[in-house]
Amino acid sequence: MGNDRGAEPHPFIGYNFRISELHAAVGLAQIKRLDDFLAIQKKNHASLKNILATVPEISFRRIPDAEGDSCTFLSWSLPTAEITNAVVNELKAENILAGNFYYFNNNWHYIRKWDHLKNSATLNALSPELKKR
């Protein structure tokens with residue numbers, strides 16, 4: 001756990017009901033600033049991508065609609081698993097937390113780690129139709 005987001009066990013499928021009424025009220029107030037937030041995010045995203053683009057071994061995923069990209073993250077790849085693991089280890093050694101996960105070994109957004117989904121483990125019984133899907 002610690003800095004390894006998602007390392008906690010997932011014994012059953014969750015419903016992601018985390019937002020409170022207070023959080024919703026803050027969100028509604030902040031939505032007025034969405035254009036400002038997106039502009040800042042896109043500027044920072046472009047700066048980071050330009051820096052990373054100076055490393056010949058790095059490639060970036062293709063964004064089908066670059067203008068519509070909210071720039072919430074920057075996905076980049078290296079040519080081999082060995083190089084990727086070495087870079088991840090170096091980032092961790094330098095306490096650089098952003099970008100220090102190799103997708104193949106992460107604990108979230110990857111079915112290899114989702115036993116709760118593969119086993120359809122829920123607190124309540126799933127309908128046969130939902131379970132089939």
# chains A, B, ... in the order shown; residues from 1 in each chain; ligands from 1
$ residues_around --residues "A:Phe12" --least-positions-apart "4" --cutoff "10 Å" --atoms "only C-alpha atoms" --output "ChimeraX atom specification"
/A:114-117,119-124
$ write_last_selection --atoms "N, CA and C atoms" --output "PDB file, in the first residue's frame"
ATOM      1  N   TRP A 114      -8.248  -7.853 -11.018  1.00  0.00           N
ATOM      2  CA  TRP A 114      -9.634  -7.650 -10.620  1.00  0.00           C
ATOM      3  C   TRP A 114     -10.350  -8.958 -10.335  1.00  0.00           C
ATOM      4  N   ASP A 115      -9.914  -9.678  -9.332  1.00  0.00           N
ATOM      5  CA  ASP A 115     -10.573 -10.933  -8.988  1.00  0.00           C
ATOM      6  C   ASP A 115     -12.017 -10.711  -8.560  1.00  0.00           C
ATOM      7  N   HIS A 116     -12.295  -9.582  -7.921  1.00  0.00           N
ATOM      8  CA  HIS A 116     -13.665  -9.296  -7.501  1.00  0.00           C
ATOM      9  C   HIS A 116     -14.609  -9.199  -8.703  1.00  0.00           C
ATOM     10  N   LEU A 117     -14.101  -8.726  -9.846  1.00  0.00           N
ATOM     11  CA  LEU A 117     -14.932  -8.680 -11.047  1.00  0.00           C
ATOM     12  C   LEU A 117     -14.984 -10.040 -11.741  1.00  0.00           C
ATOM     13  N   ASN A 119     -14.732 -12.891 -10.492  1.00  0.00           N
ATOM     14  CA  ASN A 119     -15.499 -13.845  -9.699  1.00  0.00           C
ATOM     15  C   ASN A 119     -16.910 -13.349  -9.393  1.00  0.00           C
ATOM     16  N   SER A 120     -17.257 -12.157  -9.903  1.00  0.00           N
ATOM     17  CA  SER A 120     -18.574 -11.547  -9.650  1.00  0.00           C
ATOM     18  C   SER A 120     -18.910 -11.508  -8.163  1.00  0.00           C
ATOM     19  N   ALA A 121     -17.919 -11.141  -7.338  1.00  0.00           N
ATOM     20  CA  ALA A 121     -18.116 -11.081  -5.888  1.00  0.00           C
ATOM     21  C   ALA A 121     -18.818  -9.780  -5.517  1.00  0.00           C
ATOM     22  N   THR A 122     -20.025  -9.887  -4.991  1.00  0.00           N
ATOM     23  CA  THR A 122     -20.805  -8.721  -4.594  1.00  0.00           C
ATOM     24  C   THR A 122     -21.364  -8.927  -3.193  1.00  0.00           C
ATOM     25  N   LEU A 123     -21.806  -7.840  -2.579  1.00  0.00           N
ATOM     26  CA  LEU A 123     -22.458  -7.939  -1.272  1.00  0.00           C
ATOM     27  C   LEU A 123     -23.873  -8.486  -1.421  1.00  0.00           C
ATOM     28  N   ASN A 124     -24.496  -8.211  -2.560  1.00  0.00           N
ATOM     29  CA  ASN A 124     -25.847  -8.702  -2.851  1.00  0.00           C
ATOM     30  C   ASN A 124     -25.797  -9.513  -4.140  1.00  0.00           C
TER      31      ASN A 124
END
$ residues_around --residues "stretch 38-45 of chain A" --least-positions-apart "6" --cutoff "8 Å" --atoms "only C-alpha atoms" --output "ChimeraX atom specification"
/A:70-74
$ select_by_dssp --residues "chain A" --states "helix (DSSP H, G or I)" --output "VMD selection string"
chain A and resid 21 to 52 66 to 68 81 to 93 103 to 105 111 to 113 115 to 118 128 to 132
$ closest_residue --among "A:His23, A:Arg33, A:Trp76, A:Ala66" --to "A:Leu48" --atoms "only C-alpha atoms"
A:Trp76
$ residues_around --residues "stretch 55-65 of chain A" --least-positions-apart "5" --cutoff "8 Å" --atoms "only C-alpha atoms" --output "PyMOL selection string"
chain A and resi 75-79
$ write_last_selection --atoms "all heavy atoms" --output "JSON list (two decimals), in the first residue's frame"
[["chain", "number", "residue", "atom", "x", "y", "z"],
["A", 75, "SER", "N", -0.16, 9.68, -20.90],
["A", 75, "SER", "CA", 0.25, 8.28, -21.05],
["A", 75, "SER", "C", 1.42, 8.20, -22.03],
["A", 75, "SER", "O", 1.31, 8.68, -23.16],
["A", 75, "SER", "CB", -0.94, 7.46, -21.56],
["A", 75, "SER", "OG", -0.59, 6.12, -21.72],
["A", 76, "TRP", "N", 2.53, 7.63, -21.58],
["A", 76, "TRP", "CA", 3.70, 7.48, -22.44],
["A", 76, "TRP", "C", 4.29, 6.10, -22.26],
["A", 76, "TRP", "O", 4.07, 5.45, -21.27],
["A", 76, "TRP", "CB", 4.72, 8.58, -22.19],
["A", 76, "TRP", "CG", 5.09, 8.81, -20.76],
["A", 76, "TRP", "CD1", 4.41, 9.55, -19.84],
["A", 76, "TRP", "CD2", 6.25, 8.30, -20.07],
["A", 76, "TRP", "NE1", 5.07, 9.54, -18.64],
["A", 76, "TRP", "CE2", 6.20, 8.79, -18.75],
["A", 76, "TRP", "CE3", 7.32, 7.50, -20.46],
["A", 76, "TRP", "CZ2", 7.17, 8.49, -17.82],
["A", 76, "TRP", "CZ3", 8.29, 7.21, -19.51],
["A", 76, "TRP", "CH2", 8.21, 7.71, -18.22],
["A", 77, "SER", "N", 5.00, 5.66, -23.29],
["A", 77, "SER", "CA", 5.53, 4.30, -23.30],
["A", 77, "SER", "C", 7.02, 4.30, -23.62],
["A", 77, "SER", "O", 7.53, 5.23, -24.25],
["A", 77, "SER", "CB", 4.81, 3.46, -24.36],
["A", 77, "SER", "OG", 3.44, 3.38, -24.07],
["A", 78, "LEU", "N", 7.65, 3.23, -23.20],
["A", 78, "LEU", "CA", 9.05, 2.97, -23.52],
["A", 78, "LEU", "C", 9.11, 1.67, -24.33],
["A", 78, "LEU", "O", 8.16, 0.88, -24.30],
["A", 78, "LEU", "CB", 9.86, 2.86, -22.23],
["A", 78, "LEU", "CG", 9.98, 4.19, -21.48],
["A", 78, "LEU", "CD1", 10.41, 3.97, -20.04],
["A", 78, "LEU", "CD2", 10.96, 5.10, -22.20],
["A", 79, "PRO", "N", 10.20, 1.42, -25.05],
["A", 79, "PRO", "CA", 10.22, 0.31, -26.00],
["A", 79, "PRO", "C", 10.19, -1.10, -25.41],
["A", 79, "PRO", "O", 9.73, -2.02, -26.08],
["A", 79, "PRO", "CB", 11.50, 0.53, -26.81],
["A", 79, "PRO", "CG", 12.32, 1.48, -26.03],
["A", 79, "PRO", "CD", 11.40, 2.25, -25.15]]
$ atom_distance --atom1 "atom CA of A:Leu91" --atom2 "atom CA of A:Arg112"
23.8 Å
